[in-house]
Structures are given as C-alpha cells and as structure tokens.
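Structure first, commentary second.
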Amino acid sequence: MSAQAALITGGATRLGRHFAEALASAGYDIALHVNSSRQEAEEAAKVIRESGRACEIFSCNFLSNAAEDDLGELVRRVKARFPHLGVLVNSASAYEPAPIAQTDMAMLETQFRVNMFTPLLLTRHFADAVDEGRVVNIIDNKVTYHQYPYAAYLLSKKSLADMTRMAALEFSPRLRVNGIAPGVVLPASQRTSDYIQWRIEGIPADRQGHPDHLVQALHYLLDNAFVVGQILFVDGGECINLEGRHSENYPG
C-alpha cells in the first residue's frame with residue numbers, strides 16, 4: 001500500500017483514538033480532529049509520532065454556528081497538510097439519552113448535527129478534495145432497534161446508516177463508503193459491572209467486545225475493494241437476538 005493519510009474525527013478519545021493509532025501502525029499519516037479534548041489529542045499525537053508516522057491535530061467545533069463553513073475548511077486544511085489524504089473515518093459522536101416525551105429542539109439539533117449532518121457534509125467536502133478515497137462511518141448496533149429512551153441519538157444514527165448507503169451509491173466508484181455498527185465494546189464509564197454482565201447475557205457470542213474487533217473491521221472495510229455501502233455489525237450477534245416473546249419462553 002502506498003502511503004496515505006486518514007482524517008479521523010473525534011480521534012483523541014475512546015474508539016477514535018484506537019482507530020487513529022491502529023491506522024498509524026498500518027502506515028497511515030494521521031489528521032486527528034479534536035474539539036475539546038486537546039490534552040488527550042496531544043497525548044495521542046505523541047504516541048503516533050513516536051511510531052514513526054506524521055500526525056497533526058485539527059480543531060473544529062461541530063456545534064458552532066459556522067459549522068458548515070468550518071467543515072469545508074477542516075478538509076481543506078487537512079488536504080493542504082496531507083496531500084495524500086485518502087481516508088475519512090467519521091467517529092465523533094454525541095450521546096444523550098431521553099425519550100421522545102423529554103426531547104426538545106436543542107437536543108435534536110445537537111444529536112443530529114454531530115451524528116448525521118457533520119458526517120454527511122464532511123463526506124461531501126472529502127469527495128470534493130480527493131480523486132479517490134474511502135469513508136467509514138461509525139454507527140451503533142442500536143440502529144436495529146426502536147429503543148425510544150434514546151430517541152434523538154438513535155434517530156440520528158439511523159439516519160447516518162441510511163446516509164452511508166446513499167453516499168455509497170452517489171460517490172461510487174470514486175469513493176467507497178461503508179459503516180461499522182459497534183455493540184458492547186467501550187461502555188460509558190457510569191455503567192456498572194452488573195449492567196455489563198446483563199448486556200453480555202443477550203449477546204450470542206457470550207462476551208464483551210474489544211476495540212481490536214472494531215479495528216479489524218475497519219481494516220477489512222478499507223482493504224476490501226469490493227465492499228461498498230455495507231454496515232458491518234461488530235456486536236457478537238447481539239443485533240440478531242430478536243427472538244421475541246412467545247408461549248415457549250413465557251416465564252409464568
């Protein structure tokens with residue numbers, strides 16, 4: 001593989017950092033997008049540079065009033081620094097649980113701007129900037145469910161899943177656009193061990209996932225030239241465990 005560069009949004013923390021360091025290990029130079037996690041971004045950049053790859057930090061607030069113009073400028077700045085830009089990983093995410101009854105316009109705007117509008121517009125600007133490339137959107141295995149306690153978040157991720165397929169059709173063959181839908185891999189810090197165990201009991205693989213499983217999925221989507229418009233669920237089969245209630249599993 002000739003040297004390429006990857007722009008990773010939300011690349012300073014959680015899954016974004018795992019993706020950034022893994023792609024650096026695979027020979028990519030890294031454009032690390034960050035909003036507020038500047039210290040974490042500096043730490044990640046140091047690790048990547050010590051591995052022998054170039055890494056630059058690019059700040060951009062996806063919720064600013066000038067966000068649309070900022071997104072185009074972000075891609076232009078990355079392209080100027082890394083003319084060999086060829087990969088976009090939309091990993092930044094906003095998450096706030098609330099049912100529809102407690103969802104207001106501000107919450108909808110935050111969830112959709114970060115989780116759907118930004119990946120869409122970044123994909124558009126990325127398509128303008130590169131001759132050919134690959135886009136991977138990080139979604140969520142919850143998109144197979146109708147879990148209304150996460151209404152705004154889940155609706156934005158469902159939209160991102162549909163956008164992934166639409167973009168794949170629009171930009172192919174010049175861009176290959178795919179997605180990854182993680183399951184129980186990096187639960188929020190407030191989740192208890194009892195909660196995690198309860199979630200594992202609903203996973204056919206009977207285990208919690210590891211970031212390496214998602215990294216393997218990322219490499220697969222980047223490397224397989226015949227995979228287009230797919231959403232790869234990396235969740236131990238949790239999303240297919242939809243047996244439902246019937247007379248034979250009735251506990252009464």
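Scheme for the structure tokens: letters A, B, ... for chains in order shown; per-chain residue numbers from 1; ligand numbers from 1 in order shown.
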Test item, strand (DSSP E) assignment across segment 22-174 of chain A, answer as a list in words: Asp29, Ile30, Ala31, Leu32, His33, Val34, Cys55, Glu56, Ile57, Phe58, Ser59, Leu85, Gly86, Val87, Leu88, Val89, Asn90, Gly133, Arg134, Val135, Val136, Asn137 and Ile138 of chain A
N, CA and C atoms of the current selection, written as a PDB file, in the first residue's frame:
```
ATOM      1  N   ASP A  29      -0.461   8.264   7.715  1.00  0.00           N
ATOM      2  CA  ASP A  29      -0.306   9.503   8.460  1.00  0.00           C
ATOM      3  C   ASP A  29      -1.689   9.915   8.953  1.00  0.00           C
ATOM      4  N   ILE A  30      -1.721  10.603  10.088  1.00  0.00           N
ATOM      5  CA  ILE A  30      -2.998  10.813  10.776  1.00  0.00           C
ATOM      6  C   ILE A  30      -3.304  12.298  10.956  1.00  0.00           C
ATOM      7  N   ALA A  31      -4.489  12.692  10.484  1.00  0.00           N
ATOM      8  CA  ALA A  31      -5.065  14.001  10.796  1.00  0.00           C
ATOM      9  C   ALA A  31      -6.073  13.777  11.910  1.00  0.00           C
ATOM     10  N   LEU A  32      -5.758  14.286  13.080  1.00  0.00           N
ATOM     11  CA  LEU A  32      -6.522  14.000  14.295  1.00  0.00           C
ATOM     12  C   LEU A  32      -7.459  15.168  14.583  1.00  0.00           C
ATOM     13  N   HIS A  33      -8.756  14.975  14.328  1.00  0.00           N
ATOM     14  CA  HIS A  33      -9.703  16.040  14.659  1.00  0.00           C
ATOM     15  C   HIS A  33     -10.001  16.036  16.151  1.00  0.00           C
ATOM     16  N   VAL A  34     -10.138  17.223  16.710  1.00  0.00           N
ATOM     17  CA  VAL A  34     -10.459  17.362  18.132  1.00  0.00           C
ATOM     18  C   VAL A  34     -11.341  18.589  18.318  1.00  0.00           C
ATOM     19  N   CYS A  55       1.603  13.097  12.336  1.00  0.00           N
ATOM     20  CA  CYS A  55       0.289  13.330  12.949  1.00  0.00           C
ATOM     21  C   CYS A  55       0.135  14.810  13.241  1.00  0.00           C
ATOM     22  N   GLU A  56      -0.974  15.374  12.809  1.00  0.00           N
ATOM     23  CA  GLU A  56      -1.303  16.768  13.104  1.00  0.00           C
ATOM     24  C   GLU A  56      -2.692  16.819  13.726  1.00  0.00           C
ATOM     25  N   ILE A  57      -2.872  17.774  14.636  1.00  0.00           N
ATOM     26  CA  ILE A  57      -4.145  17.960  15.318  1.00  0.00           C
ATOM     27  C   ILE A  57      -4.896  19.098  14.640  1.00  0.00           C
ATOM     28  N   PHE A  58      -6.170  18.870  14.359  1.00  0.00           N
ATOM     29  CA  PHE A  58      -7.014  19.867  13.704  1.00  0.00           C
ATOM     30  C   PHE A  58      -8.246  20.103  14.571  1.00  0.00           C
ATOM     31  N   SER A  59      -8.406  21.334  15.038  1.00  0.00           N
ATOM     32  CA  SER A  59      -9.538  21.677  15.895  1.00  0.00           C
ATOM     33  C   SER A  59     -10.734  22.107  15.059  1.00  0.00           C
ATOM     34  N   LEU A  85      -4.118  12.521   1.373  1.00  0.00           N
ATOM     35  CA  LEU A  85      -5.325  12.158   2.114  1.00  0.00           C
ATOM     36  C   LEU A  85      -6.175  11.192   1.290  1.00  0.00           C
ATOM     37  N   GLY A  86      -6.562  10.073   1.912  1.00  0.00           N
ATOM     38  CA  GLY A  86      -7.360   9.092   1.180  1.00  0.00           C
ATOM     39  C   GLY A  86      -8.432   8.407   1.996  1.00  0.00           C
ATOM     40  N   VAL A  87      -8.484   8.710   3.314  1.00  0.00           N
ATOM     41  CA  VAL A  87      -9.442   8.029   4.193  1.00  0.00           C
ATOM     42  C   VAL A  87     -10.104   9.044   5.119  1.00  0.00           C
ATOM     43  N   LEU A  88     -11.395   8.909   5.293  1.00  0.00           N
ATOM     44  CA  LEU A  88     -12.158   9.683   6.274  1.00  0.00           C
ATOM     45  C   LEU A  88     -12.884   8.707   7.181  1.00  0.00           C
ATOM     46  N   VAL A  89     -12.637   8.801   8.495  1.00  0.00           N
ATOM     47  CA  VAL A  89     -13.355   7.994   9.480  1.00  0.00           C
ATOM     48  C   VAL A  89     -14.185   8.941  10.331  1.00  0.00           C
ATOM     49  N   ASN A  90     -15.496   8.868  10.181  1.00  0.00           N
ATOM     50  CA  ASN A  90     -16.404   9.718  10.961  1.00  0.00           C
ATOM     51  C   ASN A  90     -16.724   9.012  12.273  1.00  0.00           C
ATOM     52  N   GLY A 133     -11.062   7.703  -2.691  1.00  0.00           N
ATOM     53  CA  GLY A 133     -10.853   7.516  -1.259  1.00  0.00           C
ATOM     54  C   GLY A 133     -11.874   6.579  -0.655  1.00  0.00           C
ATOM     55  N   ARG A 134     -11.795   6.458   0.663  1.00  0.00           N
ATOM     56  CA  ARG A 134     -12.666   5.560   1.408  1.00  0.00           C
ATOM     57  C   ARG A 134     -13.192   6.293   2.636  1.00  0.00           C
ATOM     58  N   VAL A 135     -14.475   6.088   2.908  1.00  0.00           N
ATOM     59  CA  VAL A 135     -15.143   6.695   4.059  1.00  0.00           C
ATOM     60  C   VAL A 135     -15.725   5.585   4.909  1.00  0.00           C
ATOM     61  N   VAL A 136     -15.499   5.663   6.212  1.00  0.00           N
ATOM     62  CA  VAL A 136     -16.106   4.707   7.145  1.00  0.00           C
ATOM     63  C   VAL A 136     -16.831   5.503   8.224  1.00  0.00           C
ATOM     64  N   ASN A 137     -18.128   5.297   8.336  1.00  0.00           N
ATOM     65  CA  ASN A 137     -18.942   5.949   9.355  1.00  0.00           C
ATOM     66  C   ASN A 137     -19.139   5.007  10.543  1.00  0.00           C
ATOM     67  N   ILE A 138     -18.928   5.526  11.740  1.00  0.00           N
ATOM     68  CA  ILE A 138     -19.127   4.719  12.953  1.00  0.00           C
ATOM     69  C   ILE A 138     -20.554   4.940  13.427  1.00  0.00           C
TER      70      ILE A 138
END
```
Do you know which residues are at most 7 Å from Ala94 of chain A counting only C-alpha atoms, after dropping those on the same chain fewer than 2 positions away, and could you put them as a PyMOL selection string? chain A and resi 96+111+114-115
Write a file of the just-selected residues containing all heavy atoms, as a PDB file, in the first residue's frame.
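Wrote out32.pdb, looks like this:
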```pdb
ATOM      1  N   GLU A  96     -26.846  11.466  24.189  1.00  0.00           N
ATOM      2  CA  GLU A  96     -27.629  11.920  25.335  1.00  0.00           C
ATOM      3  C   GLU A  96     -28.952  11.169  25.324  1.00  0.00           C
ATOM      4  O   GLU A  96     -29.747  11.340  24.405  1.00  0.00           O
ATOM      5  CB  GLU A  96     -27.880  13.428  25.267  1.00  0.00           C
ATOM      6  CG  GLU A  96     -28.574  13.977  26.504  1.00  0.00           C
ATOM      7  CD  GLU A  96     -28.710  15.481  26.477  1.00  0.00           C
ATOM      8  OE1 GLU A  96     -28.230  16.116  25.520  1.00  0.00           O
ATOM      9  OE2 GLU A  96     -29.306  16.038  27.428  1.00  0.00           O
ATOM     10  N   GLN A 111     -27.705  16.246  18.632  1.00  0.00           N
ATOM     11  CA  GLN A 111     -27.504  14.866  18.206  1.00  0.00           C
ATOM     12  C   GLN A 111     -27.382  14.759  16.681  1.00  0.00           C
ATOM     13  O   GLN A 111     -26.491  14.068  16.166  1.00  0.00           O
ATOM     14  CB  GLN A 111     -28.653  13.989  18.699  1.00  0.00           C
ATOM     15  CG  GLN A 111     -28.837  13.973  20.203  1.00  0.00           C
ATOM     16  CD  GLN A 111     -27.651  13.358  20.928  1.00  0.00           C
ATOM     17  OE1 GLN A 111     -27.328  12.196  20.739  1.00  0.00           O
ATOM     18  NE2 GLN A 111     -26.992  14.141  21.769  1.00  0.00           N
ATOM     19  N   VAL A 114     -24.015  16.526  15.165  1.00  0.00           N
ATOM     20  CA  VAL A 114     -22.768  15.789  15.352  1.00  0.00           C
ATOM     21  C   VAL A 114     -22.831  14.421  14.678  1.00  0.00           C
ATOM     22  O   VAL A 114     -21.885  14.002  13.998  1.00  0.00           O
ATOM     23  CB  VAL A 114     -22.439  15.635  16.848  1.00  0.00           C
ATOM     24  CG1 VAL A 114     -21.199  14.768  17.045  1.00  0.00           C
ATOM     25  CG2 VAL A 114     -22.235  17.008  17.489  1.00  0.00           C
ATOM     26  N   ASN A 115     -23.942  13.719  14.844  1.00  0.00           N
ATOM     27  CA  ASN A 115     -24.018  12.315  14.434  1.00  0.00           C
ATOM     28  C   ASN A 115     -24.415  12.096  12.984  1.00  0.00           C
ATOM     29  O   ASN A 115     -24.141  11.018  12.435  1.00  0.00           O
ATOM     30  CB  ASN A 115     -25.009  11.561  15.324  1.00  0.00           C
ATOM     31  CG  ASN A 115     -24.581  11.522  16.772  1.00  0.00           C
ATOM     32  OD1 ASN A 115     -23.404  11.665  17.081  1.00  0.00           O
ATOM     33  ND2 ASN A 115     -25.534  11.353  17.673  1.00  0.00           N
TER      34      ASN A 115
END
```
Kindly indicate which residue among A:Lys157, A:Ile180, A:Arg38, A:Ala167 lies nearest to Leu222 of chain A, using only C-alpha atoms for the distances. A:Ile180
Grab the atom CA of Leu214 of chain A to atom CA of Val185 of chain A distance for me, in Å with one decimal place. 8.6 Å
Polymer residues at most 12 Å from Ala54 of chain A, only C-alpha atoms, same-chain spacing of 4 or more positions, as a PyMOL selection string: chain A and resi 3-6+20-21+23-25+27-32+44-50+81-82+84
Residue neighbourhood Asp140 of chain A, 12 Å, only C-alpha atoms, exclusion window fewer than 2 positions, as a VMD selection string: chain A and resid 91 93 to 95 115 137 to 138 142 to 145 150 153 to 161 179 to 186 214 231 to 235 238 to 239
For atom CA of Ser37 of chain A and atom CA of Thr164 of chain A, quote the distance in Å rounded to one decimal.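 Separation between atom CA of Ser37 of chain A and atom CA of Thr164 of chain A: 26.7 Å.
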From a DSSP pass on the backbone, collect the residues of segment 19-88 of chain A flagged as alpha helix (DSSP H) and hand them back as a compact mmCIF listing (two decimals) with N, CA, C and O atoms, in the first residue's frame.
```txt
# COMPACT_ATOMS: atom_id res chain seq x y z
N PHE A 19 -8.73 3.84 16.58
CA PHE A 19 -8.65 3.85 15.13
C PHE A 19 -7.41 4.62 14.66
O PHE A 19 -6.71 4.17 13.74
N ALA A 20 -7.15 5.75 15.28
CA ALA A 20 -6.01 6.57 14.87
C ALA A 20 -4.70 5.82 15.06
O ALA A 20 -3.84 5.78 14.16
N GLU A 21 -4.52 5.23 16.22
CA GLU A 21 -3.26 4.53 16.49
C GLU A 21 -3.13 3.28 15.63
O GLU A 21 -2.03 2.94 15.17
N ALA A 22 -4.24 2.59 15.37
CA ALA A 22 -4.19 1.39 14.54
C ALA A 22 -3.83 1.73 13.10
O ALA A 22 -3.02 1.04 12.47
N LEU A 23 -4.41 2.80 12.56
CA LEU A 23 -4.09 3.18 11.19
C LEU A 23 -2.66 3.69 11.08
O LEU A 23 -1.99 3.45 10.07
N ALA A 24 -2.18 4.37 12.11
CA ALA A 24 -0.77 4.78 12.11
C ALA A 24 0.13 3.56 12.07
O ALA A 24 1.12 3.53 11.32
N SER A 25 -0.21 2.54 12.84
CA SER A 25 0.58 1.31 12.83
C SER A 25 0.55 0.63 11.47
O SER A 25 1.49 -0.09 11.10
N ARG A 38 -8.25 18.52 23.95
CA ARG A 38 -6.94 18.90 23.42
C ARG A 38 -5.80 18.13 24.09
O ARG A 38 -4.87 17.68 23.41
N GLN A 39 -5.85 17.99 25.41
CA GLN A 39 -4.77 17.27 26.10
C GLN A 39 -4.70 15.82 25.62
O GLN A 39 -3.61 15.30 25.36
N GLU A 40 -5.85 15.18 25.52
CA GLU A 40 -5.87 13.80 25.03
C GLU A 40 -5.36 13.71 23.60
O GLU A 40 -4.67 12.76 23.22
N ALA A 41 -5.65 14.74 22.79
CA ALA A 41 -5.17 14.76 21.40
C ALA A 41 -3.65 14.87 21.36
O ALA A 41 -2.99 14.20 20.55
N GLU A 42 -3.09 15.70 22.23
CA GLU A 42 -1.63 15.84 22.27
C GLU A 42 -0.98 14.51 22.66
O GLU A 42 0.05 14.12 22.10
N GLU A 43 -1.60 13.81 23.61
CA GLU A 43 -1.06 12.52 24.03
C GLU A 43 -1.13 11.50 22.89
O GLU A 43 -0.18 10.76 22.64
N ALA A 44 -2.27 11.47 22.18
CA ALA A 44 -2.41 10.53 21.07
C ALA A 44 -1.42 10.87 19.95
O ALA A 44 -0.80 9.96 19.36
N ALA A 45 -1.26 12.15 19.65
CA ALA A 45 -0.34 12.57 18.59
C ALA A 45 1.10 12.17 18.94
O ALA A 45 1.86 11.75 18.06
N LYS A 46 1.46 12.29 20.21
CA LYS A 46 2.81 11.91 20.63
C LYS A 46 3.05 10.42 20.39
O LYS A 46 4.11 10.03 19.87
N VAL A 47 2.06 9.60 20.74
CA VAL A 47 2.20 8.16 20.53
C VAL A 47 2.34 7.85 19.04
O VAL A 47 3.19 7.03 18.63
N ILE A 48 1.54 8.49 18.23
CA ILE A 48 1.58 8.23 16.78
C ILE A 48 2.91 8.67 16.19
O ILE A 48 3.51 7.95 15.37
N ARG A 49 3.39 9.84 16.58
CA ARG A 49 4.67 10.32 16.05
C ARG A 49 5.82 9.42 16.48
O ARG A 49 6.75 9.17 15.71
N GLU A 50 5.74 8.92 17.71
CA GLU A 50 6.79 8.02 18.17
C GLU A 50 6.78 6.70 17.41
O GLU A 50 7.79 5.99 17.37
N ALA A 67 -20.54 26.08 11.58
CA ALA A 67 -20.04 24.71 11.43
C ALA A 67 -19.92 24.28 9.97
O ALA A 67 -18.95 23.63 9.59
N GLU A 68 -20.90 24.64 9.12
CA GLU A 68 -20.84 24.16 7.74
C GLU A 68 -19.61 24.69 7.04
O GLU A 68 -18.90 23.95 6.35
N ASP A 69 -19.33 26.00 7.16
CA ASP A 69 -18.12 26.56 6.57
C ASP A 69 -16.87 25.96 7.21
O ASP A 69 -15.87 25.70 6.54
N ASP A 70 -16.94 25.72 8.53
CA ASP A 70 -15.79 25.16 9.24
C ASP A 70 -15.46 23.76 8.73
O ASP A 70 -14.28 23.39 8.68
N LEU A 71 -16.46 22.99 8.35
CA LEU A 71 -16.21 21.62 7.89
C LEU A 71 -15.46 21.61 6.57
O LEU A 71 -14.53 20.83 6.37
N GLY A 72 -15.85 22.50 5.66
CA GLY A 72 -15.12 22.60 4.41
C GLY A 72 -13.70 23.05 4.63
O GLY A 72 -12.76 22.53 4.02
N GLU A 73 -13.54 24.00 5.55
CA GLU A 73 -12.20 24.49 5.86
C GLU A 73 -11.36 23.41 6.53
O GLU A 73 -10.16 23.30 6.29
N LEU A 74 -11.98 22.59 7.37
CA LEU A 74 -11.26 21.49 8.01
C LEU A 74 -10.67 20.56 6.96
O LEU A 74 -9.48 20.22 7.02
N VAL A 75 -11.48 20.15 6.00
CA VAL A 75 -10.97 19.24 4.97
C VAL A 75 -9.89 19.91 4.14
O VAL A 75 -8.88 19.28 3.80
N ARG A 76 -10.06 21.18 3.83
CA ARG A 76 -9.04 21.90 3.05
C ARG A 76 -7.72 21.97 3.82
O ARG A 76 -6.63 21.81 3.23
N ARG A 77 -7.80 22.24 5.12
CA ARG A 77 -6.56 22.31 5.92
C ARG A 77 -5.87 20.95 5.98
O ARG A 77 -4.64 20.86 5.90
N VAL A 78 -6.66 19.91 6.15
CA VAL A 78 -6.08 18.56 6.20
C VAL A 78 -5.43 18.22 4.86
O VAL A 78 -4.31 17.70 4.81
N LYS A 79 -6.12 18.52 3.78
CA LYS A 79 -5.60 18.21 2.45
C LYS A 79 -4.32 18.99 2.16
O LYS A 79 -3.39 18.47 1.52
N ALA A 80 -4.25 20.23 2.64
CA ALA A 80 -3.03 21.04 2.43
C ALA A 80 -1.86 20.44 3.18
O ALA A 80 -0.72 20.44 2.69
N ARG A 81 -2.11 19.93 4.39
CA ARG A 81 -1.03 19.33 5.18
C ARG A 81 -0.70 17.93 4.69
O ARG A 81 0.47 17.52 4.68
```
Have a look at atom CA of Gly11 of chain A and atom CA of Leu221 of chain A and let me know their distance in Å, one decimal.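 One can read the atom CA of Gly11 of chain A to atom CA of Leu221 of chain A distance as 18.2 Å.
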Identify which of the residues A:Asn178, A:Asn241, A:Gln208, A:Pro83 lies closest to Ala129 of chain A, counting only C-alpha atoms when measuring atom-to-atom distances.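 Among A:Asn178, A:Asn241, A:Gln208, A:Pro83, it is A:Pro83 that comes nearest to Ala129 of chain A.
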Can you pull out every residue within 7 Å of Arg174 of chain A, counting only C-alpha atoms, but drop anything in the same chain fewer than 2 positions away, and send it as a compact mmCIF listing (two decimals) with all heavy atoms, in the first residue's frame?
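What landed in out.txt:
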```
# COMPACT_ATOMS: atom_id res chain seq x y z
N ASP A 131 -9.26 12.56 -5.27
CA ASP A 131 -9.59 11.89 -6.53
C ASP A 131 -10.29 10.57 -6.28
O ASP A 131 -11.20 10.19 -7.01
CB ASP A 131 -8.31 11.67 -7.35
CG ASP A 131 -7.69 12.98 -7.81
OD1 ASP A 131 -8.45 13.94 -8.04
OD2 ASP A 131 -6.45 13.03 -7.92
N GLU A 132 -9.83 9.86 -5.26
CA GLU A 132 -10.47 8.63 -4.85
C GLU A 132 -10.19 8.43 -3.36
O GLU A 132 -9.18 8.92 -2.84
CB GLU A 132 -9.99 7.43 -5.66
CG GLU A 132 -8.51 7.16 -5.57
CD GLU A 132 -8.10 5.95 -6.40
OE1 GLU A 132 -8.95 5.41 -7.12
OE2 GLU A 132 -6.93 5.55 -6.29
N GLY A 133 -11.06 7.70 -2.69
CA GLY A 133 -10.85 7.52 -1.26
C GLY A 133 -11.87 6.58 -0.66
O GLY A 133 -12.71 5.98 -1.35
N PHE A 171 -21.36 8.33 -4.72
CA PHE A 171 -19.94 8.62 -4.94
C PHE A 171 -19.14 7.44 -5.49
O PHE A 171 -17.97 7.59 -5.81
CB PHE A 171 -19.30 9.13 -3.65
CG PHE A 171 -19.85 10.46 -3.20
CD1 PHE A 171 -20.62 10.54 -2.06
CD2 PHE A 171 -19.61 11.61 -3.93
CE1 PHE A 171 -21.14 11.76 -1.64
CE2 PHE A 171 -20.12 12.83 -3.53
CZ PHE A 171 -20.89 12.91 -2.38
N SER A 172 -19.75 6.26 -5.56
CA SER A 172 -19.04 5.12 -6.15
C SER A 172 -18.87 5.35 -7.66
O SER A 172 -19.73 5.95 -8.30
CB SER A 172 -19.80 3.83 -5.91
OG SER A 172 -19.79 3.46 -4.57
N ARG A 176 -15.43 4.72 -1.80
CA ARG A 176 -16.12 3.57 -1.20
C ARG A 176 -16.57 4.00 0.19
O ARG A 176 -15.74 4.36 1.03
CB ARG A 176 -15.20 2.36 -1.10
CG ARG A 176 -15.02 1.63 -2.41
CD ARG A 176 -14.48 0.23 -2.24
NE ARG A 176 -13.23 0.17 -1.51
CZ ARG A 176 -13.10 -0.28 -0.27
NH1 ARG A 176 -14.16 -0.70 0.41
NH2 ARG A 176 -11.91 -0.31 0.31
```
Just the residues within 10 Å of Pro97 of chain A, please, counting only C-alpha atoms, with nothing from its chain fewer than 3 positions along; format it as an NGL selection string. :A and (100 or 102-103 or 107 or 148-154)
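Candidate residues A:Ala205, A:Ile200, A:Ala98, A:Leu63 were compared for distance to Phe112 of chain A, and the nearest is A:Leu63, using only C-alpha atoms.
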For Gly237 of chain A, which residue out of A:Ile203, A:Leu175, A:Val215, A:Leu122 is the nearest one, using only C-alpha atoms? A:Ile203
